>>> print(open('coords.txt').read())   # compact mmCIF, C-alpha atoms
# COMPACT_ATOMS: atom_id res chain seq x y z
CA MET W 13 0.00 0.00 0.00
CA THR W 14 1.29 3.47 -0.87
CA ASP W 15 2.25 5.72 2.04
CA HIS W 16 0.39 8.90 1.14
CA ARG W 17 2.40 10.85 3.68
CA LEU W 18 5.26 10.76 1.17
CA LEU W 19 3.14 12.10 -1.70
CA GLN W 20 2.86 15.82 -1.06
CA VAL W 21 1.70 18.37 -3.63
CA PRO W 22 4.11 21.33 -3.93
CA ALA W 23 2.21 24.53 -3.18
CA GLY W 24 3.68 26.49 -6.09
CA ALA W 25 1.91 24.40 -8.73
CA ARG W 26 -1.55 24.43 -7.20
CA GLY W 27 -2.57 27.65 -8.94
CA LEU W 28 -2.03 26.37 -12.46
CA GLY W 29 -5.59 25.26 -13.05
CA GLU W 30 -6.75 22.89 -15.79
CA LEU W 31 -6.72 23.09 -19.58
CA ARG W 32 -9.58 21.25 -21.29
CA ALA W 33 -10.07 19.62 -24.68
CA GLY W 34 -13.52 18.05 -24.72
CA ASN W 35 -13.78 15.44 -21.98
CA LEU W 36 -10.01 15.48 -21.43
CA GLY W 37 -8.18 17.86 -19.13
CA VAL W 38 -4.53 18.39 -18.23
CA ARG W 39 -3.41 19.71 -14.86
CA ILE W 40 -1.02 19.15 -11.98
CA ALA W 41 -2.06 16.52 -9.42
CA THR W 42 -3.63 18.23 -6.42
CA THR W 43 -4.05 15.33 -3.97
CA PRO W 44 -1.97 12.35 -2.81
CA ASP W 45 -4.63 10.03 -4.29
CA GLU W 46 -4.11 11.58 -7.73
CA ILE W 47 -0.34 11.13 -7.47
CA ASP W 48 -0.94 7.53 -6.43
CA ALA W 49 -3.09 7.03 -9.55
CA ALA W 50 -0.18 8.30 -11.66
CA LEU W 51 2.20 5.82 -10.00
CA ALA W 52 -0.30 2.99 -10.64
CA LEU W 53 -0.60 3.99 -14.30
CA ARG W 54 3.18 4.02 -14.63
CA TYR W 55 3.37 0.52 -13.16
CA ARG W 56 0.81 -0.82 -15.62
CA ILE W 57 2.57 0.70 -18.62
CA PHE W 58 6.23 0.20 -17.71
CA PHE W 59 6.08 -3.16 -15.94
CA GLU W 60 2.99 -4.94 -17.23
CA GLU W 61 3.06 -3.69 -20.82
CA MET W 62 6.64 -2.76 -21.70
CA GLY W 63 8.45 -5.55 -19.88
CA ALA W 64 10.27 -3.68 -17.12
CA THR W 65 11.36 -5.81 -14.16
CA PRO W 66 9.79 -4.69 -10.86
CA ASP W 67 11.65 -4.92 -7.59
CA LEU W 68 9.88 -6.44 -4.60
CA ALA W 69 8.42 -3.13 -3.41
CA ALA W 70 7.02 -2.31 -6.86
CA ARG W 71 5.57 -5.80 -7.30
CA GLN W 72 3.85 -5.73 -3.92
CA SER W 73 2.46 -2.21 -4.28
CA GLU W 74 1.84 -2.33 -8.05
CA ARG W 75 3.27 1.17 -8.19
CA ASP W 76 6.26 2.59 -10.06
CA ARG W 77 7.82 4.95 -7.57
CA ASP W 78 11.14 6.25 -6.34
CA ALA W 79 12.43 9.01 -4.09
CA PHE W 80 11.93 11.68 -6.75
CA ASP W 81 8.14 11.30 -6.75
CA ALA W 82 7.91 13.01 -3.37
CA VAL W 83 9.66 16.16 -4.65
CA ALA W 84 8.09 16.36 -8.13
CA ASP W 85 5.02 17.88 -9.69
CA HIS W 86 2.91 15.24 -11.44
CA LEU W 87 1.22 16.39 -14.62
CA LEU W 88 -1.98 14.46 -15.32
CA VAL W 89 -4.31 13.92 -18.23
CA VAL W 90 -7.77 13.24 -16.82
CA ASP W 91 -10.72 11.78 -18.72
CA HIS W 92 -13.70 13.43 -17.05
CA GLU W 93 -16.01 10.76 -18.44
CA ASN W 94 -14.29 8.39 -16.00
CA GLY W 95 -14.28 10.96 -13.21
CA PRO W 96 -12.59 14.23 -12.24
CA GLY W 97 -10.09 12.72 -9.77
CA PRO W 98 -7.83 9.65 -9.47
CA GLU W 99 -10.28 7.43 -11.35
CA GLY W 100 -9.90 9.61 -14.45
CA VAL W 101 -6.08 9.61 -14.76
CA VAL W 102 -5.05 8.33 -18.21
CA GLY W 103 -1.71 10.05 -18.76
CA THR W 104 1.12 11.48 -16.69
CA TYR W 105 4.48 13.27 -16.79
CA ARG W 106 6.87 13.87 -13.89
CA LEU W 107 8.31 17.38 -13.56
CA ILE W 108 11.25 18.11 -11.23
CA GLN W 109 12.59 21.59 -10.55
CA GLN W 110 15.97 22.44 -9.02
CA ALA W 111 14.57 22.76 -5.48
CA GLY W 112 13.20 19.23 -5.65
CA ALA W 113 16.47 17.83 -6.98
CA ASP W 114 18.34 19.65 -4.21
CA THR W 115 16.19 17.82 -1.65
CA ILE W 116 17.36 14.48 -3.06
CA GLY W 117 20.88 15.65 -3.82
CA HIS W 118 20.72 15.34 -7.62
CA PHE W 119 18.39 15.03 -10.61
CA TYR W 120 17.21 11.60 -11.79
CA SER W 121 19.14 11.99 -15.07
CA ALA W 122 22.41 12.31 -13.17
CA ASP W 123 22.32 8.54 -12.54
CA GLU W 124 22.86 8.04 -16.28
CA TYR W 125 24.48 11.26 -17.54
CA ASP W 126 26.96 13.92 -16.55
CA ILE W 127 24.59 16.90 -16.54
CA GLY W 128 26.98 19.44 -15.05
CA ARG W 129 26.61 21.75 -18.04
CA ILE W 130 22.86 21.74 -17.55
CA THR W 131 22.84 22.32 -13.81
CA SER W 132 25.26 25.24 -14.27
CA PHE W 133 23.00 26.82 -16.91
CA PRO W 134 22.19 30.44 -15.92
CA GLY W 135 18.41 30.09 -15.76
CA GLN W 136 15.54 28.00 -14.45
CA ILE W 137 15.76 24.32 -15.41
CA LEU W 138 13.15 21.55 -15.38
CA GLU W 139 13.64 17.80 -15.68
CA LEU W 140 10.95 15.87 -17.55
CA GLY W 141 10.48 12.13 -17.12
CA ARG W 142 8.28 9.11 -16.47
CA SER W 143 5.91 9.97 -19.30
CA CYS W 144 3.22 7.43 -20.14
CA VAL W 145 -0.32 7.25 -21.50
CA ASP W 146 -2.95 4.54 -21.13
CA ALA W 147 -3.05 2.38 -24.26
CA ARG W 148 -6.65 3.38 -25.02
CA TYR W 149 -5.68 7.05 -25.22
CA ARG W 150 -2.49 7.02 -27.26
CA GLY W 151 -2.90 9.46 -30.05
CA ARG W 152 -2.18 12.98 -31.16
CA ALA W 153 -4.85 14.58 -28.95
CA VAL W 154 -3.47 13.34 -25.62
CA MET W 155 0.16 14.06 -26.51
CA GLN W 156 -0.76 17.57 -27.59
CA LEU W 157 -2.65 18.03 -24.33
CA LEU W 158 0.38 16.91 -22.31
CA TRP W 159 2.53 19.43 -24.18
CA ARG W 160 -0.03 22.16 -23.53
CA GLY W 161 0.27 21.33 -19.84
CA ILE W 162 4.07 21.39 -19.95
CA ALA W 163 4.06 24.69 -21.82
CA ALA W 164 1.70 26.26 -19.28
CA TYR W 165 4.01 25.05 -16.50
CA VAL W 166 7.05 26.44 -18.32
CA PHE W 167 5.45 29.88 -18.64
CA HIS W 168 4.12 29.85 -15.07
CA PHE W 169 7.52 29.09 -13.54
CA GLN W 170 9.59 30.91 -16.20
CA ILE W 171 11.57 27.78 -17.11
CA ASP W 172 14.48 28.38 -19.47
CA LEU W 173 15.73 24.85 -20.11
CA LEU W 174 14.02 21.44 -20.27
CA PHE W 175 15.96 18.20 -20.06
CA GLY W 176 15.57 14.53 -19.20
CA CYS W 177 15.99 11.00 -20.46
CA ALA W 178 13.85 9.59 -23.26
CA SER W 179 13.64 5.90 -24.06
CA LEU W 180 13.72 3.59 -27.05
CA LEU W 181 12.26 0.16 -26.30
CA GLY W 182 14.82 -2.63 -26.07
CA THR W 183 18.34 -3.09 -24.74
CA ASP W 184 20.25 -4.03 -27.92
CA PRO W 185 21.81 -0.85 -29.31
CA ASP W 186 22.60 -2.57 -32.60
CA ALA W 187 18.89 -3.24 -33.10
CA LEU W 188 18.42 0.52 -32.64
CA ALA W 189 21.39 1.46 -34.79
CA THR W 190 19.43 3.50 -37.32
CA GLU W 191 17.66 5.60 -34.70
CA LEU W 192 20.76 6.19 -32.56
CA THR W 193 22.99 7.08 -35.51
CA TYR W 194 20.37 9.47 -36.84
CA LEU W 195 19.91 11.21 -33.49
CA TYR W 196 23.67 11.68 -33.04
CA GLY W 197 24.24 12.86 -36.58
CA HIS W 198 21.26 15.23 -36.90
CA HIS W 199 20.28 16.35 -33.41
CA LEU W 200 23.40 16.44 -31.23
CA ALA W 201 23.25 19.17 -28.57
CA PRO W 202 25.75 22.05 -28.78
CA PRO W 203 28.85 21.49 -26.61
CA ALA W 204 27.81 24.08 -24.00
CA LEU W 205 24.64 22.13 -23.18
CA ARG W 206 25.63 18.58 -24.13
CA PRO W 207 25.15 15.87 -21.48
CA ARG W 208 27.45 12.87 -21.80
CA ALA W 209 26.62 9.38 -20.68
CA ARG W 210 28.61 8.36 -17.63
CA ALA W 211 31.78 6.54 -18.64
CA GLU W 212 30.75 3.24 -17.08
CA ARG W 213 27.42 3.29 -18.92
CA TYR W 214 28.40 4.98 -22.18
CA ILE W 215 27.12 3.37 -25.40
CA ASP W 216 28.35 4.93 -28.63
CA MET W 217 25.36 6.13 -30.67
CA ARG W 218 27.35 6.09 -33.92
CA ARG W 219 26.44 2.53 -34.91
CA LEU W 220 26.28 2.96 -38.70
CA ASP W 221 27.87 4.97 -41.47
CA PRO W 222 25.77 8.19 -41.52
CA ALA W 223 25.73 8.01 -45.32
CA GLU W 224 23.65 4.83 -45.02
CA ILE W 225 20.93 6.61 -43.03
CA ASP W 226 17.77 7.93 -44.67
CA PRO W 227 16.91 10.77 -42.26
CA ARG W 228 13.21 10.78 -43.09
CA ARG W 229 12.85 7.04 -42.54
CA ALA W 230 14.98 7.16 -39.39
CA ASN W 231 12.81 9.89 -37.92
CA GLN W 232 9.70 7.85 -38.61
CA MET W 233 11.21 4.93 -36.68
CA LEU W 234 11.55 6.97 -33.48
CA PRO W 235 9.08 6.62 -30.60
CA PRO W 236 6.33 9.29 -30.65
CA LEU W 237 7.68 10.95 -27.51
CA ILE W 238 11.15 11.51 -29.00
CA LYS W 239 9.64 12.77 -32.26
CA GLY W 240 7.59 15.19 -30.18
CA TYR W 241 10.73 16.48 -28.49
CA LEU W 242 12.46 16.99 -31.83
CA ARG W 243 9.50 19.00 -33.14
CA ILE W 244 10.03 21.59 -30.43
CA GLY W 245 13.74 21.90 -31.11
CA ALA W 246 15.20 19.26 -28.80
CA CYS W 247 18.79 18.06 -29.03
CA VAL W 248 20.34 14.87 -27.66
CA GLY W 249 23.37 14.18 -25.51
CA ASP W 250 26.46 12.17 -26.36
CA GLY W 251 26.02 8.48 -25.66
CA ALA W 252 23.10 6.17 -25.01
CA VAL W 253 22.53 4.28 -21.76
CA ILE W 254 21.06 0.80 -21.33
CA ASP W 255 18.43 0.54 -18.59
CA ARG W 256 17.94 -3.20 -18.19
CA GLN W 257 15.36 -2.88 -15.42
CA PHE W 258 13.08 -0.85 -17.69
CA ASN W 259 13.99 -2.75 -20.87
CA THR W 260 15.02 0.46 -22.65
CA THR W 261 17.89 2.28 -24.29
CA ASP W 262 17.91 5.87 -23.07
CA VAL W 263 19.08 9.09 -24.68
CA ALA W 264 19.46 12.48 -23.01
CA ILE W 265 17.16 15.25 -24.24
CA VAL W 266 17.79 19.01 -23.94
CA VAL W 267 15.40 21.78 -25.03
CA LYS W 268 15.95 25.51 -24.59
CA THR W 269 12.48 26.95 -24.21
CA ASP W 270 13.37 29.94 -26.40
CA MET W 271 13.95 27.42 -29.20
CA ILE W 272 10.33 26.25 -29.18
CA THR W 273 8.76 27.00 -32.56
CA ASP W 274 6.61 30.11 -32.88
CA LYS W 275 3.56 27.93 -33.46
CA TYR W 276 3.95 26.15 -30.13
CA PHE W 277 5.03 29.27 -28.25
CA ARG W 278 2.14 31.46 -29.34
CA HIS W 279 -0.42 28.73 -28.86
CA TYR W 280 0.76 27.84 -25.35
CA GLU W 281 1.27 31.48 -24.36
CA ARG W 282 -2.38 32.17 -25.19
CA GLN W 283 -3.41 29.19 -23.11
CA SER W 284 -1.26 30.25 -20.17
CA ARG W 285 -2.86 33.70 -20.04
CA ASP W 286 -6.11 32.02 -19.03
CA ILE W 287 -4.51 30.24 -16.05
CA PRO W 288 -4.52 32.10 -12.73
CA ASP W 289 -1.28 32.66 -10.85
>>> encode(input="coords.txt", output="structure tokens")
Amino acid sequence: MTDHRLLQVPAGARGLGELRAGNLGVRIATTPDEIDAALALRYRIFFEEMGATPDLAARQSERDRDAFDAVADHLLVVDHENGPGPEGVVGTYRLIQQAGADTIGHFYSADEYDIGRITSFPGQILELGRSCVDARYRGRAVMQLLWRGIAAYVFHFQIDLLFGCASLLGTDPDALATELTYLYGHHLAPPALRPRARAERYIDMRRLDPAEIDPRRANQMLPPLIKGYLRIGACVGDGAVIDRQFNTTDVAIVVKTDMITDKYFRHYERQSRDIPD
């Protein structure tokens, strides 16, 4: 059973309100029960669907959780036809600001990457992670709604830089050679912001001769989440990391919020004006 005493809702995010698109809404979790619903959704997707290996605590609780959940904001997509609270949660994203990371001692990504260039960035930074959507809701509408929620959060807290780890399913980098080579060759972050996989976990992303890569086809092979990042100007770090527990190959993602396309910026800025401080 989840100890709700550990699932507190940071006060600063409570004023963000909800953005609606029909019966779907996106907002920050406002109660421990809603956070618990997000952890349960993550367990179903990561462990039951995608083949991650749960530890004993996860198996017994049927929750995907770690120490960072207690210091994060949890962005939710809620289907109001199922209910306005925990029963309606169909999508989630975990958002960690510097203050939350300081409580733990580091960001989640630091377990896989040297992110010193990011943490020394002269502005507000936000780590994105643990994104998942119920299988019945995977489509353009829900992903766009999640990004509307992230954009509103970015404007509310004046975030300058987004970063995190994004995953490709599977732990054989040669089976992902096209995708990894393409990302390194076409979307490598500039040196001043480039995370590098920790030496003991570093997997070279340059698996193929770049001349053999069809960029259009390679982009189409990427998971929807990574394609979404690239659309808003994301870059990747140097080196992939194998996460055997989660059955994934991870890449580091970096997005300067002033690099978001005008279309996204103007749309989300209009939305954010309607959200009270």
>>> atom_distance(input="coords.txt", atom1="atom CA of Leu157 of chain W", atom2="atom CA of Asp48 of chain W")
20.8 Å
>>> residues_around(input="coords.txt", residues="segment 217-227 of chain W", least_positions_apart="6", cutoff="7 Å", atoms="all atoms listed in the file", output="mmCIF file with C-alpha atoms, keeping the file's coordinate frame")
data_model
loop_
_atom_site.group_PDB
_atom_site.id
_atom_site.type_symbol
_atom_site.label_atom_id
_atom_site.label_comp_id
_atom_site.auth_asym_id
_atom_site.auth_seq_id
_atom_site.Cartn_x
_atom_site.Cartn_y
_atom_site.Cartn_z
ATOM 1 C CA ASP W 186 22.600 -2.570 -32.600
ATOM 2 C CA ALA W 189 21.390 1.460 -34.790
ATOM 3 C CA THR W 190 19.430 3.500 -37.320
ATOM 4 C CA LEU W 192 20.760 6.190 -32.560
ATOM 5 C CA THR W 193 22.990 7.080 -35.510
ATOM 6 C CA TYR W 194 20.370 9.470 -36.840
ATOM 7 C CA TYR W 196 23.670 11.680 -33.040
ATOM 8 C CA GLY W 197 24.240 12.860 -36.580
ATOM 9 C CA GLY W 251 26.020 8.480 -25.660
ATOM 10 C CA ALA W 252 23.100 6.170 -25.010
#
>>> residues_near_point(input="coords.txt", point="(15.1, -4.5, -8.3)", cutoff="12 Å", atoms="all atoms listed in the file", output="number ranges by chain")
W: 59, 64-71, 76-78, 255-258
>>> residues_around(input="coords.txt", residues="Ile215 of chain W", least_positions_apart="6", cutoff="9 Å", atoms="all atoms listed in the file", output="mmCIF file with C-alpha atoms, in the coordinates of the input")
data_model
loop_
_atom_site.group_PDB
_atom_site.id
_atom_site.type_symbol
_atom_site.label_atom_id
_atom_site.label_comp_id
_atom_site.auth_asym_id
_atom_site.auth_seq_id
_atom_site.Cartn_x
_atom_site.Cartn_y
_atom_site.Cartn_z
ATOM 1 C CA PRO W 185 21.810 -0.850 -29.310
ATOM 2 C CA ALA W 209 26.620 9.380 -20.680
ATOM 3 C CA ASP W 250 26.460 12.170 -26.360
ATOM 4 C CA GLY W 251 26.020 8.480 -25.660
ATOM 5 C CA ALA W 252 23.100 6.170 -25.010
ATOM 6 C CA VAL W 253 22.530 4.280 -21.760
ATOM 7 C CA ILE W 254 21.060 0.800 -21.330
#
>>> closest_atom_pairs(input="coords.txt", of="segment 112-212 of chain W", to="segment 89-103 of chain W", cutoff="12 Å", atoms="all atoms listed in the file", output="tab-separated table")
residue	atom	partner	partner_atom	distance
W:Arg142	CA	W:Gly103	CA	10.3
W:Ser143	CA	W:Gly103	CA	7.6
W:Cys144	CA	W:Gly103	CA	5.8
W:Val145	CA	W:Gly103	CA	4.2
W:Asp146	CA	W:Val102	CA	5.2
W:Ala147	CA	W:Val102	CA	8.7
W:Arg148	CA	W:Val102	CA	8.6
W:Tyr149	CA	W:Val102	CA	7.2
W:Arg150	CA	W:Gly103	CA	9.1
W:Gly151	CA	W:Gly103	CA	11.4
W:Ala153	CA	W:Val89	CA	10.8
W:Val154	CA	W:Val89	CA	7.5
W:Met155	CA	W:Gly103	CA	8.9
W:Gln156	CA	W:Val89	CA	10.7
W:Leu157	CA	W:Val89	CA	7.5
W:Leu158	CA	W:Val89	CA	6.9
W:Trp159	CA	W:Val89	CA	10.6
W:Arg160	CA	W:Val89	CA	10.7
W:Gly161	CA	W:Val89	CA	8.9
W:Ile162	CA	W:Val89	CA	11.4
>>> write_last_selection(input="coords.txt", atoms="C-alpha atoms", output="mmCIF file, keeping the file's coordinate frame")
data_model
loop_
_atom_site.group_PDB
_atom_site.id
_atom_site.type_symbol
_atom_site.label_atom_id
_atom_site.label_comp_id
_atom_site.auth_asym_id
_atom_site.auth_seq_id
_atom_site.Cartn_x
_atom_site.Cartn_y
_atom_site.Cartn_z
ATOM 1 C CA ARG W 142 8.280 9.110 -16.470
ATOM 2 C CA SER W 143 5.910 9.970 -19.300
ATOM 3 C CA CYS W 144 3.220 7.430 -20.140
ATOM 4 C CA VAL W 145 -0.320 7.250 -21.500
ATOM 5 C CA ASP W 146 -2.950 4.540 -21.130
ATOM 6 C CA ALA W 147 -3.050 2.380 -24.260
ATOM 7 C CA ARG W 148 -6.650 3.380 -25.020
ATOM 8 C CA TYR W 149 -5.680 7.050 -25.220
ATOM 9 C CA ARG W 150 -2.490 7.020 -27.260
ATOM 10 C CA GLY W 151 -2.900 9.460 -30.050
ATOM 11 C CA ALA W 153 -4.850 14.580 -28.950
ATOM 12 C CA VAL W 154 -3.470 13.340 -25.620
ATOM 13 C CA MET W 155 0.160 14.060 -26.510
ATOM 14 C CA GLN W 156 -0.760 17.570 -27.590
ATOM 15 C CA LEU W 157 -2.650 18.030 -24.330
ATOM 16 C CA LEU W 158 0.380 16.910 -22.310
ATOM 17 C CA TRP W 159 2.530 19.430 -24.180
ATOM 18 C CA ARG W 160 -0.030 22.160 -23.530
ATOM 19 C CA GLY W 161 0.270 21.330 -19.840
ATOM 20 C CA ILE W 162 4.070 21.390 -19.950
#
>>> atom_distance(input="coords.txt", atom1="atom CA of Gly29 of chain W", atom2="atom CA of Phe169 of chain W")
13.7 Å
>>> atom_distance(input="coords.txt", atom1="atom CA of Leu234 of chain W", atom2="atom CA of Arg129 of chain W")
26.1 Å
>>> closest_residue(input="coords.txt", among="W:Asp81, W:Glu124, W:Glu74, W:Asp172", to="Ala52 of chain W", atoms="all atoms listed in the file")
W:Glu74
>>> residues_around(input="coords.txt", residues="Leu195 of chain W", least_positions_apart="4", cutoff="8 Å", atoms="all atoms listed in the file", output="PDB file with C-alpha atoms, in the frame of the given file")
ATOM      1  CA  GLU W 191      17.660   5.600 -34.700  1.00  0.00           C
ATOM      2  CA  HIS W 199      20.280  16.350 -33.410  1.00  0.00           C
ATOM      3  CA  LEU W 200      23.400  16.440 -31.230  1.00  0.00           C
ATOM      4  CA  MET W 217      25.360   6.130 -30.670  1.00  0.00           C
ATOM      5  CA  VAL W 248      20.340  14.870 -27.660  1.00  0.00           C
TER       6      VAL W 248
END
>>> closest_residue(input="coords.txt", among="W:Phe175, W:Tyr165, W:Phe80, W:Tyr120", to="Pro207 of chain W", atoms="all atoms listed in the file")
W:Phe175
>>> residues_around(input="coords.txt", residues="Ser179 of chain W", least_positions_apart="6", cutoff="9 Å", atoms="all atoms listed in the file", output="PyMOL selection string")
chain W and resi 235+237-238+260-264
>>> closest_residue(input="coords.txt", among="W:Cys177, W:Ala164, W:Ile40, W:Cys247", to="Tyr125 of chain W", atoms="only C-alpha atoms")
W:Cys177
>>> closest_residue(input="coords.txt", among="W:Ala41, W:Ala49, W:Ile137, W:Leu36", to="His86 of chain W", atoms="only C-alpha atoms")
W:Ala41
>>> closest_residue(input="coords.txt", among="W:Glu139, W:Glu30, W:Asp270, W:Glu212", to="Asp85 of chain W", atoms="only C-alpha atoms")
W:Glu139
